[in-house]
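Okay, structure first, notes after.
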Amino acid sequence: MEPSYIFLTMAVTLLSMPATGFGQGTTRVGFYSKTCPRAESIVKSTVESHFRSNPAIAPGLLRMHFHDCFVNGCDGSVLIDGPNTERKAVQNSLLRGFEVIDDAKAKLEAACPGVVSCADILALAARDSVVLTKGINWKVPTGRRDGRVSLQSDAAKLPGFTDSIESQKQQFARFGLNTQDLVALVGGHTIGTAACLVFNYRLNNFTNGGPDPTINPSFLPQLRSFCPQNGNNFRRVDLDTGSANKFDTSFFTNLKNGRGVLESDQKLWTDASTRTFVQQFLGEKGVRKLNFGKEFAKSMVKMSNIGVKTGSNSEIRRVCSAIN
């Protein structure tokens, strides 16, 4: 058997195994095969329909899943609407795609009432979003239940765009995610945009009255034209310049060339402990090559099993935006 075939077989096997997260419950591929056989296809068709009219929902759903998992586990708590919920936190104010989850849930309730959790819908939608942007497909373990607690203050646990690499590594390690997982998952920024307000401080008066020195001088005028001083702070700018709608490795190439938009993203290249993984995903000479798509999928499976809920502290919501 060819070594490459052995590697692929092992990767597929790993993604198909029952998964345990940094939490209480377990998930498995095909959880709804008997109770709601069309669950995954309903989510997929719903995401595809919304994507056709608004491609921006793909990175929105991927980011929403990340924000959900990093606050008290992957339990759909970010979807709950109301005063003082996670959804109202400033860290989540720019999330997009809630209407997609609501639409998928309504269709699933019509087909299989009270069976499919909102947390699982979000995990599946995140995978489908990557596929729609020409990224890798993978099997998503399901069987999560929905959390019953959503607090605005808990969103402070999310990694921030000014965080050091050490801080980011510590935050990921809390959930059993290592440095490679960190780099792979941040690589999800290969699709989507960021508002000027989360990076325009880098463009002027960052150090000694000048811009962030890690920004490529040839890239600076472009960023300043998008986000001028006293301009529209909510204007959206591609996180992966030149390839924001395609799930690929160009995001890492941009980091290598000093063209990272977020400060925390650019640090993946300037910090030696993460630069090696960027180089591996780019397949540079002198380092062991890593397939970004496959490693991203494996890291997503690990992340999507953080804090899976079971028992009385959870439920299957009938409406994703409200506790039963």
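Letters A, B, ... go to the chains of the structure tokens in the order shown; residues in each chain start at 1; ligands are counted from 1 in the same order.
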
Who sits within 6 Å of region 79-85 of chain A, only C-alpha atoms, same chain under 3 positions skipped, as a count of residues only: 7

Which of region 43-259 of chain A end up as helix (DSSP H, G or I) when DSSP is run on this backbone - answer as a VMD selection string? chain A and resid 43 to 53 57 to 69 77 to 79 86 to 88 90 to 92 98 to 111 118 to 132 152 to 157 165 to 173 179 to 190 196 to 198 200 to 202 220 to 226 250 to 256

Contacts of region 112-125 of chain A within 7 Å, only C-alpha atoms, excl. fewer than 2 positions in-chain, as a ChimeraX atom specification: /A:36,43-44,47,61,65,74-76,101,108-110,127-129,140,142-146,304,316-318,320

So, counting only C-alpha atoms, which residue among A:Ser314, A:Gln168, A:Ser33, A:Thr190 is closest to Gly135 (chain A)? A:Thr190

In terms of the shortest atom-to-atom distance over only C-alpha atoms, which of A:Cys196, A:Val78, A:Val71, A:Ala111 is closest to Ala156 (chain A)? A:Val71

Which residues are close to Phe161 (chain A), i.e. within 12 Å by only C-alpha atoms, leaving aside same-chain residues fewer than 4 positions away? Reply as a JSON list (two decimals) with N, CA and C atoms, in the first residue's frame.
```
[["chain", "number", "residue", "atom", "x", "y", "z"],
["A", 91, "GLN", "N", -17.94, 41.40, 21.40],
["A", 91, "GLN", "CA", -17.12, 40.44, 20.65],
["A", 91, "GLN", "C", -17.93, 39.72, 19.58],
["A", 165, "ILE", "N", 0.89, 35.79, 20.88],
["A", 165, "ILE", "CA", 0.84, 34.36, 20.55],
["A", 165, "ILE", "C", 0.80, 33.54, 21.82],
["A", 167, "SER", "N", -0.53, 34.32, 24.67],
["A", 167, "SER", "CA", -1.89, 34.38, 25.18],
["A", 167, "SER", "C", -2.82, 33.50, 24.37],
["A", 168, "GLN", "N", -2.69, 33.54, 23.06],
["A", 168, "GLN", "CA", -3.52, 32.70, 22.20],
["A", 168, "GLN", "C", -3.29, 31.22, 22.48],
["A", 186, "VAL", "N", -6.94, 29.43, 12.97],
["A", 186, "VAL", "CA", -6.85, 30.84, 12.57],
["A", 186, "VAL", "C", -6.76, 30.94, 11.05],
["A", 194, "ALA", "N", -12.99, 41.73, 7.83],
["A", 194, "ALA", "CA", -12.96, 42.34, 9.16],
["A", 194, "ALA", "C", -13.33, 43.80, 9.02],
["A", 195, "ALA", "N", -13.97, 44.35, 10.04],
["A", 195, "ALA", "CA", -14.31, 45.78, 10.04],
["A", 195, "ALA", "C", -13.07, 46.60, 10.35],
["A", 197, "LEU", "N", -12.59, 48.90, 12.30],
["A", 197, "LEU", "CA", -12.39, 49.22, 13.71],
["A", 197, "LEU", "C", -11.53, 48.22, 14.45],
["A", 198, "VAL", "N", -11.36, 46.99, 13.91],
["A", 198, "VAL", "CA", -10.56, 46.01, 14.62],
["A", 198, "VAL", "C", -9.09, 46.00, 14.19],
["A", 199, "PHE", "N", -8.73, 46.86, 13.23],
["A", 199, "PHE", "CA", -7.31, 46.89, 12.85],
["A", 199, "PHE", "C", -6.80, 48.28, 12.47],
["A", 200, "ASN", "N", -7.67, 49.30, 12.37],
["A", 200, "ASN", "CA", -7.17, 50.60, 11.88],
["A", 200, "ASN", "C", -6.20, 51.27, 12.83],
["A", 201, "TYR", "N", -6.18, 50.83, 14.09],
["A", 201, "TYR", "CA", -5.20, 51.37, 15.04],
["A", 201, "TYR", "C", -3.77, 51.01, 14.64],
["A", 202, "ARG", "N", -3.61, 49.99, 13.79],
["A", 202, "ARG", "CA", -2.28, 49.57, 13.33],
["A", 202, "ARG", "C", -1.71, 50.51, 12.27],
["A", 260, "GLY", "N", -0.86, 40.60, 6.64],
["A", 260, "GLY", "CA", -1.93, 40.20, 7.54],
["A", 260, "GLY", "C", -2.71, 41.42, 7.99],
["A", 261, "VAL", "N", -4.01, 41.32, 8.01],
["A", 261, "VAL", "CA", -4.85, 42.48, 8.36],
["A", 261, "VAL", "C", -4.97, 42.63, 9.87],
["A", 262, "LEU", "N", -5.23, 41.54, 10.57],
["A", 262, "LEU", "CA", -5.34, 41.60, 12.03],
["A", 262, "LEU", "C", -3.96, 41.46, 12.67],
["A", 263, "GLU", "N", -3.75, 42.18, 13.75],
["A", 263, "GLU", "CA", -2.48, 42.09, 14.48],
["A", 263, "GLU", "C", -2.22, 40.67, 14.95],
["A", 264, "SER", "N", -3.24, 40.03, 15.51],
["A", 264, "SER", "CA", -3.08, 38.67, 16.03],
["A", 264, "SER", "C", -2.76, 37.67, 14.91],
["A", 265, "ASP", "N", -3.30, 37.91, 13.71],
["A", 265, "ASP", "CA", -2.99, 37.04, 12.57],
["A", 265, "ASP", "C", -1.52, 37.19, 12.15],
["A", 266, "GLN", "N", -1.06, 38.43, 11.99],
["A", 266, "GLN", "CA", 0.30, 38.66, 11.55],
["A", 266, "GLN", "C", 1.33, 38.08, 12.51],
["A", 267, "LYS", "N", 0.97, 38.02, 13.80],
["A", 267, "LYS", "CA", 1.88, 37.46, 14.80],
["A", 267, "LYS", "C", 2.16, 35.97, 14.57],
["A", 268, "LEU", "N", 1.28, 35.28, 13.83],
["A", 268, "LEU", "CA", 1.55, 33.88, 13.51],
["A", 268, "LEU", "C", 2.85, 33.74, 12.72]]
```

Check which residues of region 249-302 of chain A sit at most 7 Å from region 215-236 of chain A using only C-alpha atoms, and return one row each with the closest pair of atoms and their distance in Å to one decimal, ordered by chain and rising number, as CSV.
```
residue,atom,partner,partner_atom,distance
A:Asn257,CA,A:Asn216,CA,6.8
A:Gly258,CA,A:Asn216,CA,4.7
A:Arg259,CA,A:Asn216,CA,6.0
```

Put those residues in a file: N, CA and C atoms, as an mmCIF file, in the first residue's frame.
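Wrote it out as selection.cif, contents follow:
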```cif
data_model
loop_
_atom_site.group_PDB
_atom_site.id
_atom_site.type_symbol
_atom_site.label_atom_id
_atom_site.label_comp_id
_atom_site.auth_asym_id
_atom_site.auth_seq_id
_atom_site.Cartn_x
_atom_site.Cartn_y
_atom_site.Cartn_z
ATOM 1 N N ASN A 257 4.276 37.600 3.799
ATOM 2 C CA ASN A 257 4.639 38.825 3.083
ATOM 3 C C ASN A 257 4.229 40.098 3.823
ATOM 4 N N GLY A 258 3.898 39.965 5.110
ATOM 5 C CA GLY A 258 3.554 41.141 5.904
ATOM 6 C C GLY A 258 2.235 41.772 5.512
ATOM 7 N N ARG A 259 1.323 40.946 5.022
ATOM 8 C CA ARG A 259 0.043 41.461 4.555
ATOM 9 C C ARG A 259 -1.128 40.899 5.377
#
```

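Taking CA of Thr274 (chain A) as the reference point, CA of Gly176 (chain A) is found at 16.9 Å.
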
Out of A:Glu40, A:Glu48, A:Asp103, A:Asp271, which residue has the shortest atom-to-atom distance to Lys139 (chain A) when counting only C-alpha atoms?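 Looking only at the distances to Lys139 (chain A), the closest residue turns out to be A:Glu40.
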
What does the structure give for the distance between CA of Phe70 (chain A) and CA of Asp163 (chain A), in Å to one decimal? 15.1 Å

Å distance separating CA of Gly187 (chain A) from CA of Phe296 (chain A), one decimal place: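 A separation of 7.9 Å between them.
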
Please run DSSP on the backbone and report, as a PyMOL selection string, all residues within region 180-223 of chain A that come out as strand (DSSP E or B). chain A and resi 193-195+207+210

Put those residues in a file: N, CA, C and O atoms, as a JSON list (two decimals), in the first residue's frame.
```json
[["chain", "number", "residue", "atom", "x", "y", "z"],
["A", 193, "THR", "N", -14.07, 38.75, 6.03],
["A", 193, "THR", "CA", -13.64, 40.14, 6.15],
["A", 193, "THR", "C", -13.58, 40.56, 7.62],
["A", 193, "THR", "O", -14.04, 39.86, 8.50],
["A", 194, "ALA", "N", -12.99, 41.73, 7.83],
["A", 194, "ALA", "CA", -12.96, 42.34, 9.16],
["A", 194, "ALA", "C", -13.33, 43.80, 9.02],
["A", 194, "ALA", "O", -13.05, 44.43, 7.99],
["A", 195, "ALA", "N", -13.97, 44.35, 10.04],
["A", 195, "ALA", "CA", -14.31, 45.78, 10.04],
["A", 195, "ALA", "C", -13.07, 46.60, 10.35],
["A", 195, "ALA", "O", -12.18, 46.17, 11.09],
["A", 207, "THR", "N", 3.33, 52.76, 16.91],
["A", 207, "THR", "CA", 4.57, 52.89, 17.69],
["A", 207, "THR", "C", 5.33, 54.12, 17.22],
["A", 207, "THR", "O", 5.55, 54.30, 16.02],
["A", 210, "GLY", "N", 4.17, 56.09, 14.22],
["A", 210, "GLY", "CA", 4.09, 55.46, 12.92],
["A", 210, "GLY", "C", 3.20, 54.22, 12.93],
["A", 210, "GLY", "O", 2.62, 53.85, 13.95]]
```

Point out the residue among A:Ser299, A:Thr310, A:Asn324, A:Asn137 with the least atom-to-atom distance to Leu177 (chain A), counting only C-alpha atoms.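 Once distances to Leu177 (chain A) are computed over only C-alpha atoms, the minimum belongs to A:Ser299.
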
May I have the residues within 8 Å of region 171-174 of chain A as a list in words, using only C-alpha atoms and disregarding those fewer than 5 positions away in the same chain?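 So the residues in contact are Pro159, Thr179 and Leu182 of chain A.
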